[in-house]
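Undergrad: A single structure is presented below for examination.
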Amino acid sequence: MAAWIDGCRAGRLALAGAAACGLAHAPAFADTPDQASDQAAAIHGQYTLVAQGVGSFASPYMGDNSLAPRQVKATNDVTLYLGARPWQGAEIWVNPEIDQGFGLSNTLGAGGFPSAEAYKVGQFSPYFKLQRAFLRQTIALGGSALALDAGINQLRGVTTANRVVITAGKMGVGDVFDTNRYAHDPRGDFLNWSLVDTGSFDYAANAWGYTYGVAAEWYQGPWTLRAGLYNLSKVPNGIALESDFRQNAIIVEGERRFSLGGHPGAVRVTAFRNRGRFARFDDALALARATGQAPDLAPVRTMRDRLGIAMNAEQEITANLGLFLRAGYSDGTIETYDFTDIDRTVALGAALQGKAWGRPQDTVALAGVVNGISSAHQRWLAAGGLGVLVGDGALPDPGNEQIVEAYYAFRPVGWGSLTFDYQHIANPGYNRDRGPANVFALRVHAGF
């Protein structure tokens, strides 16, 4: 489920709208709004290759959703970002994309899967998808004039610091919610799913990470309040989306921006309520015991709610060093629906630009994340049940997933980068019998 915020970590954007970088970079200020400076149309593009391999590790048994040792896989994607301004304050964007390739074990085997560039569907032949098609309307409410630089899914324009931004159409939930300056762009920073997004945030999405919905943001001084309504997929982890919000997600987020020692920071708290046909793990296990059949979630699915909450913080320490923190919790008695098998998570990391060694455009970064599941979720996997991404057929000795990721992004030119990435995954799939897995990756990214 790749996030769209291409190039934010490379510093190419200074945005302040809904589908921006969550105010990751300080926007430029103008003395007076100048409507004549508003950009009428734009075209951008990107290409990303991620080649990822894992070596040998302990694997005494495997299930249908296990991570297999000794393999190398690759993904490719090419995206166009086409934007136009139909009237003042409005933008229309479409993002046609061509994808190809597979994640390790067909994107299975770990709750914190090691590549957010790998979707839950893979194909040998390139295929076309229209990943985004949305309208964004910005309504100025006064305050200081605010200049928006041109960038990915953002036209150059002028608004005010206090404003309302409404986005409607096909998009990624992560375009608006749970953004982070240092960890939210698998085409530019960390690759692991549970670092790019809060792992327990079971956000609405199809198998490619996109959905239909509407979001509203109210910016007032250092505060932002966001709310969104989105379609879930028709079935858990499905390709097809609901079209009438019968199964839906409601998301609310509050953000507070501040400055510590002259360096910007932000804290966001995000809550979600998913409503759809979900199963309780223990209900499915009880049915399996009563019938003697294999564990299956489908027969016990009924309309119910699944709740969760997350906290996300970022803080610039110096002009070149920044820290981030994520933590989240969701109801682990009910099956995960659209994201990944994580019921609780804590992540901490840092990113350092290379000014100290004469490469200010480069970035070296390190992060760690601990992911866990509920006791009901553990019982389900122990009985041979399958999750969205995990399921080894047995779980005699459950434990938390413990993941460390480090990368070095080499940027010889402003439009391209070459990234070397390493991840250490202990207890993949929450299974102490398997792993640890050492995953290496090479990422090539170019954009305009």
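Numbering starts fresh at 1 for the residues of each chain in the structure tokens, the chains themselves are lettered A, B, ... in the order given, and ligands are numbered from 1 as they appear.
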What's the 12 Å shell around segment 241-244 of chain A, counting only C-alpha atoms, without same-chain residues fewer than 6 positions away, as a list in words?
TA: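 Here the qualifying residues turn out to be Gly169, Lys170, Ala204, Ala205, Asn206, Ala207, Trp208, Gly209, Tyr210, Thr211, Tyr212, Gly213, Leu229, Tyr230, Asn231, Leu232, Ser233, Lys234, Val235, Arg275, Gly276, Arg277 and Asp338 of chain A.
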Undergrad: Write out as a list in words all residues of segment 67-238 of chain A that DSSP puts in helix (DSSP H, G or I) for this structure's backbone.
TA: Leu104, Ser105, Asn106, Val173, Gly174, Asp175, Trp193, Ser194, Leu195 and Val196 of chain A
Undergrad: What's the 7 Å shell around segment 294-310 of chain A, counting only C-alpha atoms, without same-chain residues fewer than 6 positions away, as a list of chain:residue names?
TA: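 Everything that qualifies: A:Phe201, A:Val269, A:Thr270, A:Ala271, A:Phe272, A:Arg273, A:Asn274, A:Arg275, A:Gly276, A:Arg277, A:Phe278, A:Ala279, A:Asp283, A:Ala284, A:Leu285, A:Ala288, A:Ala327, A:Gly328, A:Tyr329, A:Ser330, A:Asp331, A:Ile334, A:Gly385.
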Undergrad: Go through A:Trp357, A:Trp193, A:Phe448, A:Phe57 one by one, measure the shortest atom-to-atom distance of each to Val413 of chain A using only C-alpha atoms, and give the residue with the smallest value.
TA: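 Closest candidate: A:Phe448.
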Undergrad: Apply DSSP to the structure's backbone, then extract all residues of segment 63-212 of chain A labelled strand (DSSP E or B) and return them as a ChimeraX atom specification.
TA: /A:71-84,90-101,123-148,151,154,157-171,211-212
Undergrad: Report, in Å with one decimal, the straight-line distance from atom CA of Gly387 of chain A to atom CA of Pro236 of chain A.
TA: 9.7 Å
Undergrad: For Val369 of chain A, which of A:Gln71, A:Asn248, A:Ser200, A:Ser59 is the closest residue, counting only C-alpha atoms?
TA: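 Checking each of A:Gln71, A:Asn248, A:Ser200, A:Ser59 against Val369 of chain A, counting only C-alpha atoms, the winner is A:Ser200.
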